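> If you scroll down you'll find the structure; I have some questions about it.
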Amino acid sequence: MDFDRDVEDATRKVQVRFVTKLKPPFKAPTTSIALPSNLTRMGLSAVVNNLLESGNDEWKHEPFDFLIDGEFVRMSLEAFLLAKGISAEKTLEIEYIRAVAPRRDEDPSLHDDWVSAVDGSSRFILTGCYDGLGRIWEAAGVCTHVLEGHGDAITSVGIVKAAEEESTDLVVATGSKDKTVKLWKLYAEPHTENQKIGAYRTLRGHTASVQSVAAQPTANMVCSGSWDCRINLWQTESNEGGDVVSTKKRKKGNKEEETQSEGEAVSTLVGHTQCVSSVVWPEHGTIYSASWDHSIRRWDVETGKDTLNMYCGKVINCIDVGGESSALIAGGGSDPILRIWDPRKPGTLAPSFQFSSHTSWITACKWHSSSWFHLLSASYDGKVMLWDLRTAWPLAIIDSHEDKVLCADWWNGDSVVSGGADSKLRISSEVCIP
């Protein structure tokens, strides 16, 4: 009898119809077909590829993901139908999309020490390293500028003003264990390689290591979080001496270069009781911060008061704000769980989503700029994971690093950039975000 049941299970079929919003050549015939009910995502992907290949001799295999009633399929069809209470007697409509996973890993870009920070929000990649240098990369292995001037490890970096065209300048900020924030201006020069530049502005005022920097969307100010428990706000340009402490002339050989100014904070946000580990500045008048004091706060820049104080019960290493209406807070810290909060929901501080596939502390999280659903996370477990709010399982796991991953970001909309304790910048490209 057991043998008969096994044969019956192996031959159990489900009628399915594949649908998609993708354009040709990704459109498969919508006719109903019978498939074994034990097929999983990989088997379904093979079926769709066979259907597409049958009408196109030049078709190249493409990984797909599958949704039923808006939910990702992460088990066999039979198990999914059982879990959701869906009848196997009717024809099942399955939507397929291109899998959100990198299709190519670029050659690593080598550094001389840990790659502690990365920003991919412009057409260049900005990295910060424990050797005290910042670097600008235009592609894998192609370093155009070296930012020289910090006296200790760089812990954080941020694009202040993006150079979207070759004729515009790139302005960046770096924070360091030397307690300073430095601002750098890069001029567009063709075919530049490893050009050393100095900061045009050094911002002093923290009494301990700077852990995080972020720029105001208008690029007029930057903020920094520090181990001194404070968040300082700085102007990116001096204003006739209002915040200028001193000015210095930089020299290169016998040639005198532009003046470097030293500025002090124009205001300070006080409230955290331990290291301010992460700051983000998503709107003109609003800053979000995370701390080792287990809290996430939202600050009104004009008044200097916090308008939200969420106690999370864990040390928080990183936060980012995005998702639906740019209102969701993603955070990671001293456990393997990536948490998502929706502060618009009154009366509760419980996370709206929790993702628990990492096996160690989370060091970075970042929303995709053009999607309500997609974000990434990085961890001491050596992995970067790509997530969609519609499924509890990671869409993709990037394990190209050989040690702890310390930072990660999106780049150019379809690539993931990450840095780690293996002293490498890794670029995982051709990620399809629907």
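Each chain in the structure tokens gets a letter, A, B, ..., in the order shown, and its residues are numbered from 1; ligands are numbered from 1 in order too.
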What's the 6 Å shell around Lys13 (chain A), counting only C-alpha atoms, without same-chain residues fewer than 6 positions away, as number ranges by chain?

A: 34-37

> Keeping only all heavy atoms, write the selected residues as an mmCIF file, in the first residue's frame.


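This went into part12.cif:
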```
data_model
loop_
_atom_site.group_PDB
_atom_site.id
_atom_site.type_symbol
_atom_site.label_atom_id
_atom_site.label_comp_id
_atom_site.auth_asym_id
_atom_site.auth_seq_id
_atom_site.Cartn_x
_atom_site.Cartn_y
_atom_site.Cartn_z
ATOM 1 N N ALA A 34 -0.607 20.785 -17.166
ATOM 2 C CA ALA A 34 -0.596 19.980 -15.941
ATOM 3 C C ALA A 34 0.845 19.769 -15.490
ATOM 4 O O ALA A 34 1.690 19.332 -16.275
ATOM 5 C CB ALA A 34 -1.281 18.637 -16.189
ATOM 6 N N LEU A 35 1.124 20.087 -14.230
ATOM 7 C CA LEU A 35 2.475 19.939 -13.683
ATOM 8 C C LEU A 35 2.443 19.101 -12.410
ATOM 9 O O LEU A 35 1.440 19.104 -11.676
ATOM 10 C CB LEU A 35 3.067 21.315 -13.355
ATOM 11 C CG LEU A 35 3.317 22.281 -14.523
ATOM 12 C CD1 LEU A 35 3.845 23.604 -13.994
ATOM 13 C CD2 LEU A 35 4.297 21.676 -15.519
ATOM 14 N N PRO A 36 3.538 18.387 -12.111
ATOM 15 C CA PRO A 36 3.606 17.643 -10.848
ATOM 16 C C PRO A 36 3.484 18.588 -9.656
ATOM 17 O O PRO A 36 4.076 19.675 -9.645
ATOM 18 C CB PRO A 36 4.994 16.989 -10.898
ATOM 19 C CG PRO A 36 5.364 16.955 -12.348
ATOM 20 C CD PRO A 36 4.731 18.162 -12.954
ATOM 21 N N SER A 37 2.726 18.181 -8.665
ATOM 22 C CA SER A 37 2.468 19.069 -7.525
ATOM 23 C C SER A 37 3.678 19.219 -6.610
ATOM 24 O O SER A 37 3.698 20.091 -5.745
ATOM 25 C CB SER A 37 1.275 18.542 -6.715
ATOM 26 O OG SER A 37 1.572 17.260 -6.189
#
```

> Tell me, as a PyMOL selection string, which residues lie within 6 Å of region 155-165 of chain A, counting only C-alpha atoms; anything in the same chain fewer than 4 positions away does not count.

chain A and resi 116-117+119+122+169-176+211-212+214-215+219

> If you count only C-alpha atoms, which residues fall within 9 Å of Leu44 (chain A), apart from same-chain ones fewer than 2 positions away, as a ChimeraX atom specification?

/A:35,39-42,46-49,64-66

> Pick from A:Cys318, A:Ile125, A:Ala28, A:Leu22: nearest to Gly419 (chain A), with only C-alpha atoms counted?

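When distances to Gly419 (chain A) are compared using only C-alpha atoms, the smallest one comes from A:Ile125.
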
> Which one is closest to Ser423 (chain A): A:Ala88, A:Leu110, A:Ala79, A:Leu328? Count only C-alpha atoms.

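Ranking A:Ala88, A:Leu110, A:Ala79, A:Leu328 by distance to Ser423 (chain A), first place goes to A:Leu110.
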
> May I have the residues within 9 Å of Trp341 (chain A) as a ChimeraX atom specification, using only C-alpha atoms and disregarding those fewer than 6 positions away in the same chain?

/A:327-331,349-353

> According to DSSP computed on the backbone, where in region 78-218 of chain A is there alpha helix (DSSP H)? Give the residues as JSON, numbers by chain.

{"A": [78, 79, 80, 81, 82, 83, 84]}

> Identify, on the basis of only C-alpha atoms, every residue whose closest approach to region 200-203 of chain A does not exceed 8 Å; exclude the query and any residue fewer than 3 positions from it along the same chain; express the result as a ChimeraX atom specification.

/A:180-185,234,236-237,258-265

> Go ahead and save the residues from that selection, with all heavy atoms, as a CSV table (one decimal), in the first residue's frame.


```csv
chain,number,residue,atom,x,y,z
A,180,THR,N,37.0,63.4,13.5
A,180,THR,CA,36.7,64.5,12.5
A,180,THR,C,35.8,64.0,11.4
A,180,THR,O,35.7,62.8,11.1
A,180,THR,CB,37.9,65.2,11.9
A,180,THR,OG1,38.5,64.2,11.0
A,180,THR,CG2,38.9,65.6,12.9
A,181,VAL,N,35.1,65.0,10.8
A,181,VAL,CA,34.4,64.8,9.5
A,181,VAL,C,35.1,65.6,8.5
A,181,VAL,O,35.4,66.8,8.8
A,181,VAL,CB,32.9,65.2,9.6
A,181,VAL,CG1,32.2,65.1,8.3
A,181,VAL,CG2,32.2,64.4,10.7
A,182,LYS,N,35.4,65.0,7.3
A,182,LYS,CA,36.0,65.8,6.3
A,182,LYS,C,35.1,65.8,5.0
A,182,LYS,O,34.4,64.9,4.7
A,182,LYS,CB,37.4,65.2,5.9
A,182,LYS,CG,38.5,65.4,7.0
A,182,LYS,CD,39.8,64.9,6.6
A,182,LYS,CE,40.9,65.1,7.7
A,182,LYS,NZ,41.3,66.5,7.8
A,183,LEU,N,35.2,66.9,4.3
A,183,LEU,CA,34.4,67.1,3.1
A,183,LEU,C,35.4,67.3,2.0
A,183,LEU,O,36.4,67.9,2.1
A,183,LEU,CB,33.5,68.4,3.2
A,183,LEU,CG,32.5,68.4,4.3
A,183,LEU,CD1,31.7,69.7,4.3
A,183,LEU,CD2,31.5,67.2,4.1
A,184,TRP,N,35.1,66.6,0.8
A,184,TRP,CA,36.0,66.5,-0.3
A,184,TRP,C,35.2,66.9,-1.6
A,184,TRP,O,34.0,66.6,-1.7
A,184,TRP,CB,36.5,65.1,-0.5
A,184,TRP,CG,36.9,64.5,0.8
A,184,TRP,CD1,36.1,63.9,1.8
A,184,TRP,CD2,38.2,64.2,1.3
A,184,TRP,NE1,36.8,63.4,2.8
A,184,TRP,CE2,38.1,63.5,2.5
A,184,TRP,CE3,39.5,64.5,0.8
A,184,TRP,CZ2,39.2,63.2,3.3
A,184,TRP,CZ3,40.6,64.1,1.5
A,184,TRP,CH2,40.5,63.4,2.7
A,185,LYS,N,35.9,67.7,-2.4
A,185,LYS,CA,35.3,68.1,-3.7
A,185,LYS,C,36.1,67.5,-4.8
A,185,LYS,O,37.3,67.8,-5.0
A,185,LYS,CB,35.2,69.6,-3.8
A,185,LYS,CG,34.3,70.1,-4.9
A,185,LYS,CD,34.1,71.7,-4.7
A,185,LYS,CE,33.3,72.0,-3.5
A,185,LYS,NZ,33.1,73.5,-3.4
A,234,TRP,N,26.5,70.2,10.6
A,234,TRP,CA,27.5,71.0,10.0
A,234,TRP,C,27.1,71.6,8.7
A,234,TRP,O,26.4,71.0,7.9
A,234,TRP,CB,28.8,70.2,9.8
A,234,TRP,CG,29.2,69.2,10.8
A,234,TRP,CD1,28.7,67.9,10.9
A,234,TRP,CD2,30.1,69.3,11.9
A,234,TRP,NE1,29.2,67.2,11.9
A,234,TRP,CE2,30.2,68.1,12.6
A,234,TRP,CE3,31.0,70.3,12.3
A,234,TRP,CZ2,31.0,67.8,13.7
A,234,TRP,CZ3,31.8,70.1,13.4
A,234,TRP,CH2,31.8,68.9,14.0
A,236,THR,N,28.1,72.6,4.9
A,236,THR,CA,29.0,72.0,3.9
A,236,THR,C,29.9,73.1,3.3
A,236,THR,O,31.0,72.8,2.7
A,236,THR,CB,28.3,71.3,2.8
A,236,THR,OG1,27.4,72.1,2.2
A,236,THR,CG2,27.6,70.1,3.3
A,237,GLU,N,29.5,74.4,3.4
A,237,GLU,CA,30.3,75.5,2.9
A,237,GLU,C,30.4,76.5,4.0
A,237,GLU,O,29.4,76.7,4.8
A,237,GLU,CB,29.7,76.2,1.7
A,237,GLU,CG,29.5,75.2,0.5
A,237,GLU,CD,30.8,74.9,-0.2
A,237,GLU,OE1,31.8,75.5,0.1
A,237,GLU,OE2,30.8,73.9,-1.0
A,258,GLU,N,44.0,75.3,-3.1
A,258,GLU,CA,42.9,76.1,-2.5
A,258,GLU,C,42.9,76.0,-1.0
A,258,GLU,O,43.5,75.1,-0.4
A,258,GLU,CB,41.6,75.5,-3.1
A,258,GLU,CG,41.3,74.1,-2.6
A,258,GLU,CD,40.0,73.6,-3.2
A,258,GLU,OE1,39.0,73.8,-2.6
A,258,GLU,OE2,40.1,72.9,-4.2
A,259,THR,N,42.2,77.0,-0.4
A,259,THR,CA,42.1,77.1,1.0
A,259,THR,C,41.3,75.9,1.6
A,259,THR,O,40.2,75.6,1.0
A,259,THR,CB,41.4,78.4,1.4
A,259,THR,OG1,42.3,79.4,0.9
A,259,THR,CG2,41.3,78.5,2.9
A,260,GLN,N,41.7,75.4,2.7
A,260,GLN,CA,40.9,74.4,3.4
A,260,GLN,C,40.4,75.1,4.7
A,260,GLN,O,41.1,75.7,5.5
A,260,GLN,CB,41.8,73.2,3.8
A,260,GLN,CG,41.0,72.2,4.7
A,260,GLN,CD,41.8,71.0,5.2
A,260,GLN,OE1,42.6,70.5,4.4
A,260,GLN,NE2,41.6,70.6,6.4
A,261,SER,N,39.1,75.0,4.9
A,261,SER,CA,38.5,75.6,6.1
A,261,SER,C,38.2,74.6,7.2
A,261,SER,O,38.0,73.4,6.9
A,261,SER,CB,37.2,76.3,5.7
A,261,SER,OG,36.2,75.4,5.3
A,262,GLU,N,38.2,75.0,8.4
A,262,GLU,CA,37.9,74.2,9.5
A,262,GLU,C,36.6,74.7,10.2
A,262,GLU,O,36.5,75.9,10.5
A,262,GLU,CB,39.0,74.1,10.5
A,262,GLU,CG,40.2,73.4,10.0
A,262,GLU,CD,41.2,72.9,11.1
A,262,GLU,OE1,40.9,73.2,12.3
A,262,GLU,OE2,42.2,72.3,10.7
A,263,GLY,N,35.6,73.9,10.3
A,263,GLY,CA,34.3,74.3,10.8
A,263,GLY,C,33.9,73.7,12.1
A,263,GLY,O,34.4,72.6,12.5
A,264,GLU,N,33.0,74.3,12.8
A,264,GLU,CA,32.5,73.7,14.0
A,264,GLU,C,31.0,73.5,13.8
A,264,GLU,O,30.4,74.1,12.9
A,264,GLU,CB,32.8,74.6,15.2
A,264,GLU,CG,32.2,76.0,15.1
A,264,GLU,CD,32.7,76.9,16.3
A,264,GLU,OE1,33.6,76.5,17.1
A,264,GLU,OE2,32.1,78.0,16.4
A,265,ALA,N,30.4,72.7,14.7
A,265,ALA,CA,29.0,72.3,14.5
A,265,ALA,C,28.1,73.5,14.7
A,265,ALA,O,28.3,74.3,15.6
A,265,ALA,CB,28.6,71.2,15.5
```
